[in-house]
file structure.txt (compact mmCIF, C-alpha atoms and all ligand atoms)
# COMPACT_ATOMS: atom_id res chain seq x y z
CA MET A 136 102.00 72.46 39.38
CA ASN A 137 104.90 70.84 41.19
CA GLU A 138 107.34 68.40 39.57
CA LYS A 139 105.98 65.31 41.34
CA ARG A 140 102.42 65.97 40.21
CA VAL A 141 103.52 66.38 36.59
CA LEU A 142 105.49 63.09 36.74
CA ASN A 143 102.46 61.20 38.08
CA GLN A 144 99.94 62.59 35.58
CA PRO A 145 98.34 59.73 33.58
CA GLY A 146 99.41 61.37 30.29
CA PHE A 147 103.04 61.61 31.40
CA VAL A 148 103.10 58.00 32.65
CA LEU A 149 101.55 56.83 29.36
CA ALA A 150 104.18 58.76 27.37
CA PHE A 151 106.89 57.15 29.51
CA ARG A 152 105.46 53.67 28.88
CA LEU A 153 105.37 54.34 25.14
CA LEU A 154 108.97 55.57 25.24
CA VAL A 155 110.08 52.40 27.08
CA ALA A 156 108.18 50.23 24.54
CA LEU A 157 109.90 52.11 21.72
CA LEU A 158 113.36 51.71 23.29
CA ALA A 159 112.74 48.00 23.87
CA SER A 160 111.81 47.65 20.18
CA VAL A 161 115.04 49.27 18.98
CA PRO A 162 117.08 46.00 18.79
CA LEU A 163 114.38 44.44 16.59
CA LEU A 164 114.10 47.53 14.36
CA VAL A 165 117.91 47.69 13.98
CA LEU A 166 117.99 43.99 13.11
CA ILE A 167 115.22 44.37 10.51
CA ALA A 168 117.07 47.37 9.00
CA SER A 169 120.32 45.37 8.86
CA ILE A 170 118.57 42.42 7.21
CA ALA A 171 116.90 44.75 4.68
CA SER A 172 120.20 46.45 3.83
CA GLN A 173 122.06 43.11 3.85
CA SER A 174 124.68 44.50 6.22
CA LEU A 175 124.81 41.63 8.68
CA GLY A 176 128.36 40.55 7.85
CA PRO A 177 129.77 37.23 6.65
CA ASP A 178 127.58 35.04 8.91
CA PRO A 179 124.10 36.61 9.06
CA GLY A 180 122.51 33.67 10.94
CA GLN A 181 125.07 33.90 13.74
CA GLU A 182 124.73 37.69 13.85
CA VAL A 183 120.91 37.50 14.10
CA THR A 184 121.12 34.85 16.88
CA GLU A 185 123.69 36.83 18.85
CA SER A 186 121.92 40.20 18.61
CA LEU A 187 118.60 38.67 19.72
CA GLY A 188 120.37 36.93 22.64
CA ILE A 189 122.03 40.12 23.81
CA ALA A 190 118.71 42.02 23.54
CA ALA A 191 116.97 39.35 25.68
CA PHE A 192 119.75 39.50 28.28
CA GLN A 193 119.88 43.30 28.47
CA LEU A 194 116.11 43.56 28.80
CA LEU A 195 116.16 40.95 31.56
CA ILE A 196 118.67 43.08 33.47
CA ALA A 197 116.59 46.20 32.76
CA THR A 198 113.56 44.40 34.27
CA LEU A 199 115.56 43.71 37.44
CA CYS A 200 116.55 47.39 37.68
CA MET A 201 112.96 48.64 37.96
CA THR A 202 112.43 47.92 41.69
CA PRO A 203 115.67 49.64 42.80
CA LEU A 204 114.83 52.63 40.56
CA LYS A 205 111.38 52.89 42.12
CA ARG A 206 112.92 52.70 45.60
CA TRP A 207 115.53 55.34 44.91
CA THR A 208 113.30 57.81 43.06
CA GLY A 209 109.92 57.05 44.66
CA TRP A 210 108.39 57.16 41.15
CA GLY A 211 105.79 54.39 40.66
CA ALA A 212 106.03 54.41 36.84
CA TRP A 213 109.19 52.26 36.98
CA ILE A 214 107.07 49.40 38.33
CA ARG A 215 104.42 50.03 35.67
CA VAL A 216 106.91 49.22 32.89
CA ARG A 217 108.48 46.22 34.65
CA ARG A 218 106.09 43.60 33.26
CA MET A 219 106.39 45.02 29.74
CA LEU A 220 110.19 44.85 29.92
CA GLY A 221 110.03 41.25 31.16
CA LEU A 222 107.73 40.31 28.28
CA PHE A 223 110.04 42.02 25.79
CA ALA A 224 112.94 39.98 27.26
CA PHE A 225 110.90 36.80 26.76
CA PHE A 226 109.94 37.86 23.22
CA TYR A 227 113.59 38.34 22.26
CA ALA A 228 114.54 35.07 23.98
CA VAL A 229 111.92 33.20 21.89
CA LEU A 230 113.27 34.80 18.69
CA HIS A 231 116.84 34.02 19.82
CA VAL A 232 116.01 30.32 20.30
CA LEU A 233 114.13 30.19 16.98
CA ALA A 234 117.08 31.87 15.20
CA PHE A 235 119.44 29.31 16.78
CA LEU A 236 117.23 26.41 15.64
CA GLN A 237 116.82 27.82 12.14
CA PHE A 238 120.20 29.34 11.28
CA ILE A 239 122.73 27.50 13.45
CA LEU A 240 121.24 24.08 14.09
CA GLY A 241 118.99 23.70 11.04
CA TRP A 242 116.37 21.91 13.22
CA SER A 243 118.48 18.74 13.41
CA ASP A 244 120.45 16.91 16.08
CA LEU A 245 118.81 18.87 18.87
CA TRP A 246 119.97 16.49 21.60
CA ALA A 247 123.62 16.30 20.45
CA THR A 248 123.89 20.08 20.60
CA PHE A 249 123.82 19.95 24.41
CA THR A 250 126.92 17.73 24.50
CA LYS A 251 128.70 19.55 21.67
CA ARG A 252 127.99 23.01 23.08
CA PRO A 253 127.44 22.71 26.85
CA TYR A 254 126.78 26.48 27.19
CA ILE A 255 123.47 25.80 25.42
CA LEU A 256 122.35 23.92 28.53
CA ALA A 257 122.60 27.09 30.64
CA GLY A 258 120.66 28.99 27.94
CA ALA A 259 117.99 26.30 27.85
CA VAL A 260 117.65 26.33 31.66
CA SER A 261 117.28 30.11 31.59
CA PHE A 262 114.75 29.93 28.77
CA LEU A 263 112.66 27.16 30.35
CA MET A 264 112.40 29.16 33.58
CA LEU A 265 111.30 32.25 31.63
CA VAL A 266 108.30 30.40 30.14
CA PRO A 267 106.21 30.08 33.37
CA LEU A 268 106.91 33.73 34.19
CA ALA A 269 105.65 34.87 30.79
CA LEU A 270 102.59 32.60 31.02
CA THR A 271 101.65 33.95 34.45
CA SER A 272 102.39 37.60 33.70
CA THR A 273 98.76 38.67 33.19
CA LYS A 274 96.90 40.63 35.86
CA GLY A 275 94.32 37.79 36.07
CA MET A 276 97.01 35.20 36.86
CA MET A 277 98.57 37.55 39.37
CA ARG A 278 95.21 37.83 41.17
CA ARG A 279 94.45 34.11 41.00
CA MET A 280 97.87 33.00 42.24
CA GLY A 281 98.07 35.51 45.10
CA ARG A 282 101.20 35.02 47.20
CA GLN A 283 102.30 32.09 45.04
CA TRP A 284 102.77 34.52 42.16
CA LYS A 285 105.48 36.39 44.00
CA ALA A 286 107.14 33.14 45.09
CA LEU A 287 107.18 31.91 41.47
CA HIS A 288 108.42 35.19 40.00
CA LYS A 289 111.52 35.07 42.16
CA LEU A 290 112.71 32.72 39.41
CA VAL A 291 113.86 35.88 37.66
CA TYR A 292 117.07 35.80 39.75
CA PRO A 293 118.25 32.28 38.76
CA ILE A 294 117.12 33.11 35.20
CA ALA A 295 119.49 36.10 35.09
CA ILE A 296 122.34 34.03 36.59
CA ALA A 297 121.78 31.14 34.11
CA ALA A 298 121.65 33.61 31.17
CA TRP A 299 124.91 35.17 32.37
CA VAL A 300 126.57 31.74 32.67
CA HIS A 301 125.32 30.95 29.12
CA PHE A 302 126.77 34.26 27.89
CA ILE A 303 130.18 33.99 29.54
CA TRP A 304 130.57 30.26 28.73
CA GLN A 305 130.28 30.73 24.97
CA SER A 306 132.32 33.90 24.80
CA ARG A 307 135.40 33.95 22.68
CA SER A 308 136.38 37.53 23.35
CA ASP A 309 135.62 40.65 25.37
CA VAL A 310 135.39 39.05 28.81
CA GLY A 311 135.35 42.61 30.22
CA GLU A 312 131.80 43.12 28.91
CA MET A 313 130.62 39.92 30.63
CA VAL A 314 132.31 40.90 33.89
CA VAL A 315 130.40 44.22 33.80
CA TYR A 316 127.09 42.37 33.27
CA GLY A 317 128.02 39.97 36.09
CA LEU A 318 128.75 42.86 38.44
CA ILE A 319 125.43 44.54 37.60
CA ILE A 320 123.54 41.30 38.34
CA ALA A 321 125.52 40.80 41.59
CA VAL A 322 124.70 44.35 42.75
CA LEU A 323 121.00 43.87 41.92
CA LEU A 324 120.90 40.60 43.89
CA ALA A 325 122.78 42.17 46.81
CA LEU A 326 120.33 45.08 46.93
CA ARG A 327 117.38 42.70 46.96
CA TRP A 328 119.00 40.74 49.81
CA LYS A 329 119.71 43.92 51.77
CA TRP A 330 116.18 45.30 51.38
CA SER A 331 114.10 42.12 51.70
CA GLY A 332 116.34 39.40 53.18
CA SER A 333 117.73 36.22 51.64
CA ARG A 334 114.25 34.60 51.32
CA ALA A 335 113.37 37.23 48.71
CA LEU A 336 115.91 35.61 46.38
CA ILE A 337 114.76 32.00 46.76
CA PRO A 338 112.07 30.93 44.26
CA PHE A 339 108.96 29.09 45.55
CA VAL A 340 109.63 30.34 49.09
CA ARG A 341 107.17 32.85 50.50
CA GLY A 342 108.38 36.10 51.98
C1 LIG B 401 117.19 27.06 24.58
C2 LIG B 401 117.67 28.24 24.87
C3 LIG B 401 118.87 28.89 24.20
C4 LIG B 401 119.67 28.47 23.17
C5 LIG B 401 119.57 27.19 22.37
C6 LIG B 401 120.66 29.51 22.93
C7 LIG B 401 121.65 29.47 21.96
C8 LIG B 401 122.62 30.44 21.77
C9 LIG B 401 123.64 30.42 20.75
C10 LIG B 401 123.81 29.33 19.71
C11 LIG B 401 124.39 31.51 20.88
C12 LIG B 401 125.52 31.99 19.98
C13 LIG B 401 126.83 31.45 20.37
C14 LIG B 401 127.87 31.77 19.35
O1 LIG B 401 128.14 32.94 19.11
O2 LIG B 401 128.37 30.82 18.76
C15 LIG B 401 123.88 32.24 22.02
C16 LIG B 401 124.40 33.41 22.49
C17 LIG B 401 123.81 34.17 23.46
N1 LIG B 401 122.62 33.90 24.12
FE1 LIG B 401 121.55 32.22 23.97
N2 LIG B 401 120.43 30.53 23.82
C18 LIG B 401 119.35 30.20 24.61
C19 LIG B 401 118.77 30.95 25.61
C20 LIG B 401 119.16 32.22 25.94
C21 LIG B 401 118.49 33.08 26.88
C22 LIG B 401 117.22 32.71 27.65
C23 LIG B 401 119.21 34.24 26.93
C24 LIG B 401 118.97 35.50 27.73
C25 LIG B 401 117.94 35.76 28.46
C26 LIG B 401 120.32 34.11 26.03
C27 LIG B 401 121.28 35.08 25.82
C28 LIG B 401 122.38 34.94 25.00
C29 LIG B 401 123.44 35.91 24.90
C30 LIG B 401 123.55 37.20 25.70
C31 LIG B 401 124.34 35.43 23.94
C32 LIG B 401 125.63 36.09 23.50
C33 LIG B 401 125.42 37.00 22.32
C34 LIG B 401 126.72 37.62 21.88
O3 LIG B 401 127.72 36.92 21.78
O4 LIG B 401 126.71 38.81 21.63
N3 LIG B 401 120.25 32.89 25.43
N4 LIG B 401 122.79 31.57 22.53

call {"tool": "encode", "arguments": {"input": "structure.txt", "output": "structure tokens"}}
result
Amino acid sequence: MNEKRVLNQPGFVLAFRLLVALLASVPLLVLIASIASQSLGPDPGQEVTESLGIAAFQLLIATLCMTPLKRWTGWGAWIRVRRMLGLFAFFYAVLHVLAFLQFILGWSDLWATFTKRPYILAGAVSFLMLVPLALTSTKGMMRRMGRQWKALHKLVYPIAIAAWVHFIWQSRSDVGEMVVYGLIIAVLLALRWKWSGSRALIPFVRG
């Protein structure tokens, strides 16, 4: 049996999807282990919020990588894990926001936080745009919305940019790491532009 046939076998694709689900769960498992062993450092609430934020951001970037990987390798399984990765990114983003509300803000003064910490605004914009994508991620919604689905899901590009702005704005150190993330996002956007034209990057526009 040749290599391509093995890679496309349902069993192999299923194993790949399970592996991706396992890898995407690693940040949560590591966090649970650190909480259980009480090794989160002097400010556990901050640590929990930050690690959930970084997991959401990395999984968002991973989601954006799936189309280029499919194009370069010709292997359809990359696209079959794209929705799962996007939902994992949303899941971590929800936990990140909840951790912020619980551990950093204490569920008070929600409005003032936007003026005191303006980077939160970029995070909130990114998060609010993620919500409709998660809500319309089912196959049924995809079918019902038709071409509008694609137009809506182009929101993933401004979401990634807003999350990056949120990340770099609040950073106190290691700007190098943020520059690397910024470059990855820029390359992913440039590839999309090259392959599908500028309209492919503009949400709510067909084509
Ligand atoms: C309402 C929405 C959001 C709020 C209130 C929020 C709040 C925060 C806060 C308080 C921090 C920690 C800052 C510090 O260290 O003092 C943070 C960091 C971060 N957030 Fe958010 N965030 C939101 C949405 C998002 C979204 C949607 C993403 C990604 C998809 C994200 C990714 C990150 C990242 C990557 C960090 C940096 C973590 C690190 O320093 O290692 N955030 N956010």

call {"tool": "closest_residue", "arguments": {"input": "structure.txt", "among": "A:Ile214, A:Lys289, A:Leu240, A:Met313", "to": "Ile189 of chain A", "atoms": "only C-alpha atoms"}}
result
A:Met313

call {"tool": "residues_around", "arguments": {"input": "structure.txt", "residues": "Ser261 of chain A", "least_positions_apart": "2", "cutoff": "12 Å", "atoms": "all atoms listed in the file", "output": "ChimeraX atom specification"}}
result
/A:188,191-192,195,224-225,228-229,232,254-259,263-268,290-302

call {"tool": "atom_distance", "arguments": {"input": "structure.txt", "atom1": "atom N2 of ligand LIG 401 (chain B)", "atom2": "atom CA of Ala190 of chain A"}}
result
11.6 Å

call {"tool": "closest_residue", "arguments": {"input": "structure.txt", "among": "A:Ile319, A:Ala286, A:Met201, A:Ile196", "to": "ligand LIG 401 (chain B)", "atoms": "only C-alpha atoms and all ligand atoms"}}
result
A:Ile196

call {"tool": "residues_around", "arguments": {"input": "structure.txt", "residues": "segment 167-173 of chain A", "least_positions_apart": "6", "cutoff": "12 Å", "atoms": "only C-alpha atoms", "output": "list in words"}}
result
Ser160, Val161, Pro179, Gly180, Glu182, Val183, Ser186 and Leu187 of chain A

call {"tool": "atom_distance", "arguments": {"input": "structure.txt", "atom1": "atom CA of Val216 of chain A", "atom2": "atom CA of Leu142 of chain A"}}
result
14.5 Å

call {"tool": "closest_residue", "arguments": {"input": "structure.txt", "among": "A:Ser306, A:Ser272, A:Gln283, A:Thr198", "to": "Leu220 of chain A", "atoms": "only C-alpha atoms"}}
result
A:Thr198

call {"tool": "closest_residue", "arguments": {"input": "structure.txt", "among": "A:Gln144, A:Trp207, A:Glu138, A:Thr248", "to": "ligand LIG 401 (chain B)", "atoms": "only C-alpha atoms and all ligand atoms"}}
result
A:Thr248

call {"tool": "closest_residue", "arguments": {"input": "structure.txt", "among": "A:Lys139, A:Arg218, A:Leu194, A:Pro162", "to": "Met277 of chain A", "atoms": "all atoms listed in the file"}}
result
A:Arg218

call {"tool": "axis_aligned_box", "arguments": {"input": "structure.txt", "around": "segment 268-275 of chain A", "padding_each_side": "3 Å", "output": "lines of an AutoDock Vina configuration file"}}
result
center_x = 100.6
center_y = 36.6
center_z = 33.4
size_x = 18.6
size_y = 14.0
size_z = 11.3

call {"tool": "atom_distance", "arguments": {"input": "structure.txt", "atom1": "atom CA of Val314 of chain A", "atom2": "atom C24 of ligand LIG 401 (chain B)"}}
result
15.7 Å

call {"tool": "closest_residue", "arguments": {"input": "structure.txt", "among": "A:Pro253, A:Leu323, A:Gly311, A:Ile337", "to": "Pro203 of chain A", "atoms": "all atoms listed in the file"}}
result
A:Leu323

call {"tool": "residues_around", "arguments": {"input": "structure.txt", "residues": "Arg282 of chain A", "least_positions_apart": "6", "cutoff": "10 Å", "atoms": "all atoms listed in the file", "output": "PyMOL selection string"}}
result
chain A and resi 339-342

call {"tool": "decode", "arguments": {"input": "structure.txt", "residues": "segment 190-298 of chain A", "atoms": "C-alpha atoms", "output": "PDB file, in the first residue's frame"}}
result
ATOM      1  CA  ALA A 190      -3.006  28.662  25.028  1.00  0.00           C
ATOM      2  CA  ALA A 191      -5.957  30.449  23.357  1.00  0.00           C
ATOM      3  CA  PHE A 192      -3.601  32.566  21.252  1.00  0.00           C
ATOM      4  CA  GLN A 193      -1.369  29.677  20.167  1.00  0.00           C
ATOM      5  CA  LEU A 194      -4.353  27.526  19.220  1.00  0.00           C
ATOM      6  CA  LEU A 195      -5.800  30.409  17.214  1.00  0.00           C
ATOM      7  CA  ILE A 196      -2.553  30.615  15.248  1.00  0.00           C
ATOM      8  CA  ALA A 197      -2.519  26.817  14.858  1.00  0.00           C
ATOM      9  CA  THR A 198      -6.051  27.038  13.394  1.00  0.00           C
ATOM     10  CA  LEU A 199      -4.817  29.560  10.817  1.00  0.00           C
ATOM     11  CA  CYS A 200      -1.936  27.247   9.855  1.00  0.00           C
ATOM     12  CA  MET A 201      -4.219  24.398   8.739  1.00  0.00           C
ATOM     13  CA  THR A 202      -5.107  25.744   5.264  1.00  0.00           C
ATOM     14  CA  PRO A 203      -1.464  26.441   4.269  1.00  0.00           C
ATOM     15  CA  LEU A 204      -0.465  22.983   5.571  1.00  0.00           C
ATOM     16  CA  LYS A 205      -3.200  21.357   3.494  1.00  0.00           C
ATOM     17  CA  ARG A 206      -2.068  23.321   0.437  1.00  0.00           C
ATOM     18  CA  TRP A 207       1.583  22.437   0.854  1.00  0.00           C
ATOM     19  CA  THR A 208       1.133  18.751   1.697  1.00  0.00           C
ATOM     20  CA  GLY A 209      -2.110  17.988  -0.160  1.00  0.00           C
ATOM     21  CA  TRP A 210      -3.283  16.079   2.951  1.00  0.00           C
ATOM     22  CA  GLY A 211      -6.975  16.742   3.699  1.00  0.00           C
ATOM     23  CA  ALA A 212      -6.731  15.771   7.390  1.00  0.00           C
ATOM     24  CA  TRP A 213      -5.310  19.223   8.246  1.00  0.00           C
ATOM     25  CA  ILE A 214      -8.679  20.729   7.326  1.00  0.00           C
ATOM     26  CA  ARG A 215     -10.497  18.044   9.321  1.00  0.00           C
ATOM     27  CA  VAL A 216      -8.851  19.241  12.557  1.00  0.00           C
ATOM     28  CA  ARG A 217      -9.251  22.970  11.826  1.00  0.00           C
ATOM     29  CA  ARG A 218     -12.689  23.364  13.434  1.00  0.00           C
ATOM     30  CA  MET A 219     -11.605  21.400  16.508  1.00  0.00           C
ATOM     31  CA  LEU A 220      -8.547  23.635  16.950  1.00  0.00           C
ATOM     32  CA  GLY A 221     -10.710  26.759  16.602  1.00  0.00           C
ATOM     33  CA  LEU A 222     -13.105  25.445  19.246  1.00  0.00           C
ATOM     34  CA  PHE A 223     -10.211  24.623  21.572  1.00  0.00           C
ATOM     35  CA  ALA A 224      -8.965  28.220  21.086  1.00  0.00           C
ATOM     36  CA  PHE A 225     -12.429  29.500  22.026  1.00  0.00           C
ATOM     37  CA  PHE A 226     -12.597  27.145  25.018  1.00  0.00           C
ATOM     38  CA  TYR A 227      -9.283  28.458  26.374  1.00  0.00           C
ATOM     39  CA  ALA A 228     -10.343  32.052  25.652  1.00  0.00           C
ATOM     40  CA  VAL A 229     -13.542  31.532  27.715  1.00  0.00           C
ATOM     41  CA  LEU A 230     -11.497  30.085  30.606  1.00  0.00           C
ATOM     42  CA  HIS A 231      -8.982  32.946  30.247  1.00  0.00           C
ATOM     43  CA  VAL A 232     -11.743  35.574  30.546  1.00  0.00           C
ATOM     44  CA  LEU A 233     -13.339  33.720  33.483  1.00  0.00           C
ATOM     45  CA  ALA A 234      -9.938  33.469  35.223  1.00  0.00           C
ATOM     46  CA  PHE A 235      -9.430  37.214  34.685  1.00  0.00           C
ATOM     47  CA  LEU A 236     -12.871  38.008  36.142  1.00  0.00           C
ATOM     48  CA  GLN A 237     -12.390  35.675  39.102  1.00  0.00           C
ATOM     49  CA  PHE A 238      -8.722  36.042  40.057  1.00  0.00           C
ATOM     50  CA  ILE A 239      -7.676  39.482  38.807  1.00  0.00           C
ATOM     51  CA  LEU A 240     -10.836  41.575  38.795  1.00  0.00           C
ATOM     52  CA  GLY A 241     -12.875  39.799  41.466  1.00  0.00           C
ATOM     53  CA  TRP A 242     -16.071  40.423  39.420  1.00  0.00           C
ATOM     54  CA  SER A 243     -16.104  44.132  40.320  1.00  0.00           C
ATOM     55  CA  ASP A 244     -15.519  47.401  38.495  1.00  0.00           C
ATOM     56  CA  LEU A 245     -15.814  45.755  35.098  1.00  0.00           C
ATOM     57  CA  TRP A 246     -16.213  49.040  33.229  1.00  0.00           C
ATOM     58  CA  ALA A 247     -13.278  50.827  34.923  1.00  0.00           C
ATOM     59  CA  THR A 248     -10.940  48.022  33.906  1.00  0.00           C
ATOM     60  CA  PHE A 249     -11.113  49.173  30.274  1.00  0.00           C
ATOM     61  CA  THR A 250      -9.788  52.621  31.194  1.00  0.00           C
ATOM     62  CA  LYS A 251      -7.262  51.343  33.733  1.00  0.00           C
ATOM     63  CA  ARG A 252      -5.934  48.606  31.445  1.00  0.00           C
ATOM     64  CA  PRO A 253      -6.597  49.621  27.811  1.00  0.00           C
ATOM     65  CA  TYR A 254      -5.040  46.372  26.482  1.00  0.00           C
ATOM     66  CA  ILE A 255      -8.145  44.623  27.849  1.00  0.00           C
ATOM     67  CA  LEU A 256     -10.161  46.394  25.152  1.00  0.00           C
ATOM     68  CA  ALA A 257      -8.197  44.614  22.401  1.00  0.00           C
ATOM     69  CA  GLY A 258      -8.712  41.295  24.245  1.00  0.00           C
ATOM     70  CA  ALA A 259     -12.436  41.963  24.572  1.00  0.00           C
ATOM     71  CA  VAL A 260     -12.736  42.840  20.859  1.00  0.00           C
ATOM     72  CA  SER A 261     -10.932  39.618  19.958  1.00  0.00           C
ATOM     73  CA  PHE A 262     -13.101  37.594  22.333  1.00  0.00           C
ATOM     74  CA  LEU A 263     -16.397  39.117  21.167  1.00  0.00           C
ATOM     75  CA  MET A 264     -15.536  38.310  17.551  1.00  0.00           C
ATOM     76  CA  LEU A 265     -14.697  34.715  18.514  1.00  0.00           C
ATOM     77  CA  VAL A 266     -18.194  34.142  19.938  1.00  0.00           C
ATOM     78  CA  PRO A 267     -20.145  34.178  16.606  1.00  0.00           C
ATOM     79  CA  LEU A 268     -17.532  31.904  15.044  1.00  0.00           C
ATOM     80  CA  ALA A 269     -17.898  29.350  17.839  1.00  0.00           C
ATOM     81  CA  LEU A 270     -21.708  29.570  17.710  1.00  0.00           C
ATOM     82  CA  THR A 271     -21.774  28.966  13.951  1.00  0.00           C
ATOM     83  CA  SER A 272     -19.111  26.257  13.907  1.00  0.00           C
ATOM     84  CA  THR A 273     -21.514  23.308  13.587  1.00  0.00           C
ATOM     85  CA  LYS A 274     -21.994  21.507  10.281  1.00  0.00           C
ATOM     86  CA  GLY A 275     -25.719  22.427  10.372  1.00  0.00           C
ATOM     87  CA  MET A 276     -24.948  26.157  10.649  1.00  0.00           C
ATOM     88  CA  MET A 277     -22.368  25.838   7.907  1.00  0.00           C
ATOM     89  CA  ARG A 278     -25.009  24.319   5.610  1.00  0.00           C
ATOM     90  CA  ARG A 279     -27.723  26.809   6.553  1.00  0.00           C
ATOM     91  CA  MET A 280     -25.526  29.891   6.141  1.00  0.00           C
ATOM     92  CA  GLY A 281     -23.982  28.814   2.825  1.00  0.00           C
ATOM     93  CA  ARG A 282     -21.683  31.493   1.401  1.00  0.00           C
ATOM     94  CA  GLN A 283     -22.391  33.789   4.337  1.00  0.00           C
ATOM     95  CA  TRP A 284     -20.613  31.301   6.589  1.00  0.00           C
ATOM     96  CA  LYS A 285     -17.337  31.800   4.776  1.00  0.00           C
ATOM     97  CA  ALA A 286     -17.785  35.583   4.769  1.00  0.00           C
ATOM     98  CA  LEU A 287     -18.399  35.551   8.539  1.00  0.00           C
ATOM     99  CA  HIS A 288     -15.531  33.199   9.349  1.00  0.00           C
ATOM    100  CA  LYS A 289     -13.047  35.582   7.769  1.00  0.00           C
ATOM    101  CA  LEU A 290     -13.348  37.302  11.154  1.00  0.00           C
ATOM    102  CA  VAL A 291     -10.606  34.922  12.245  1.00  0.00           C
ATOM    103  CA  TYR A 292      -8.012  37.306  10.737  1.00  0.00           C
ATOM    104  CA  PRO A 293      -8.993  40.456  12.707  1.00  0.00           C
ATOM    105  CA  ILE A 294      -9.423  38.177  15.758  1.00  0.00           C
ATOM    106  CA  ALA A 295      -5.792  37.050  15.493  1.00  0.00           C
ATOM    107  CA  ILE A 296      -4.599  40.650  14.986  1.00  0.00           C
ATOM    108  CA  ALA A 297      -6.649  41.944  17.971  1.00  0.00           C
ATOM    109  CA  ALA A 298      -5.346  39.084  20.175  1.00  0.00           C
TER     110      ALA A 298
END
